[in-house]
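Have a look at the structure below before the remarks.
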Amino acid sequence: MSDLFEIVSEGSGSRLVYRGKSPKSARGALNLSIRKWQFIADHPGPYSDGGGTTCGLCMLYRFDCDKCPVGVYTGSEFCCGTPYYMHRVTCIQTPFDQEKAARLAREFVDLLVEIKHHPEVWRGK
């Protein structure tokens, strides 16, 4: 499916796994997070997105939302109030709404790209 991301099936369901190295910079973390969410938008399904184990920003900031570009930009912790949160809710609902999940993943990509275009938020972090 991808050189970095794969959906694996487990006994109780499926989850996204990341098969790469942790990013070393804010730019690298943003790029990795954009790739993750583009992958999810291209492969919508009722699987776990892997949370912080597959998020470049979480890997770099270790859940320190005060320093994470998404937290700085939105003023929220743990990506609350972003399309990420609603995507997670959508993936556990029955019946699963594939179109809605894909749309929310694309909206999160758009937010991450918007943040990338505001280097004052992440440069030097």
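Each chain of the structure tokens is named A, B, ... in the order shown, its residues numbered from 1; ligands are numbered from 1 in display order.
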Can I get the residues of segment 74-99 of chain A within 9 Å of segment 40-44 of chain A, each with the closest pair of atoms and their distance in Å to one decimal, using only C-alpha atoms, sorted chain first then ascending number, as CSV?
residue,atom,partner,partner_atom,distance
A:Cys91,CA,A:Pro44,CA,9.0
A:Gln98,CA,A:Pro44,CA,6.0
A:Glu99,CA,A:Pro44,CA,7.9
Output N, CA and C atoms for every residue in the selection just made, as an mmCIF file, in the first residue's frame.
data_model
loop_
_atom_site.group_PDB
_atom_site.id
_atom_site.type_symbol
_atom_site.label_atom_id
_atom_site.label_comp_id
_atom_site.auth_asym_id
_atom_site.auth_seq_id
_atom_site.Cartn_x
_atom_site.Cartn_y
_atom_site.Cartn_z
ATOM 1 N N CYS A 91 -14.761 6.475 12.845
ATOM 2 C CA CYS A 91 -14.242 5.125 12.615
ATOM 3 C C CYS A 91 -14.785 4.085 13.589
ATOM 4 N N GLN A 98 -17.794 5.577 5.116
ATOM 5 C CA GLN A 98 -16.515 5.684 4.412
ATOM 6 C C GLN A 98 -16.302 7.066 3.797
ATOM 7 N N GLU A 99 -17.325 7.636 3.210
ATOM 8 C CA GLU A 99 -17.200 8.965 2.598
ATOM 9 C C GLU A 99 -16.864 10.022 3.648
#
- Item | Residues of segment 12-100 of chain A in strand (DSSP E or B), written as a list in words |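 So, restricting segment 12-100 of chain A to strand (DSSP E or B), we get Gly13, Ser14, Arg15, Leu16, Val17, Tyr18 and Ser48 of chain A.
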- Message: One number please: atom CA of Gly20 of chain A to atom CA of Lys100 of chain A, in Å, one decimal.
- Response: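 Atom CA of Lys100 of chain A lies 28.2 Å from atom CA of Gly20 of chain A.
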- Item | Distance query Pro23 of chain A at most 7 Å, only C-alpha atoms, self and fewer than 6 positions along chain excluded, as a list of chain:residue names |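 Here the qualifying residues turn out to be A:Ala29, A:Gly56, A:Leu60.
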- Please provide as a list in words all residues within 9 Å of Lys116 of chain A, with the sequence filter that same-chain residues fewer than 4 positions apart are discarded (counting only C-alpha atoms). Arg27, Leu30, Asn31, Pro69, Leu111, Leu112, Val121 and Trp122 of chain A
- Task: Within 9 Å of Gly75 of chain A, counting only C-alpha atoms, which residues show up once you throw out same-chain ones fewer than 5 positions away? Write them as a count of residues only, please.
- Result: 3
- Nearby residues (only C-alpha atoms) at most 9 Å from Trp37 of chain A, same-chain spacing under 2 positions excluded, as a ChimeraX atom specification: /A:32-35,39-42,49,55,105-106,108-109
- Those in chain A with alpha helix (DSSP H) from DSSP, as number ranges by chain: A: 26-42, 56-61, 69-74, 83-92, 98-116, 119-122
- Rounded to one decimal in Å, what is the spacing between atom CA of Arg19 of chain A and atom CA of Phe63 of chain A?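 Interatomic distance here is 19.9 Å.
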- Task: Do a neighbour search on Glu107 of chain A at 10 Å with only C-alpha atoms, toss out local chain neighbours closer than 5 positions, and write the hits as a ChimeraX atom specification.
- Result: /A:37-38,41,82-84,87,101-102,112-113
- Nearest to Gly50 of chain A among A:Glu77, A:Glu6, A:Asp64, A:Glu120, with distances taken over only C-alpha atoms: which residue is it?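 Counting only C-alpha atoms, the residue closest to Gly50 of chain A is A:Glu6.
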- Quick one, how far is atom CA of Val17 of chain A from atom CA of Phe5 of chain A?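 Those two atoms sit 5.7 Å apart.
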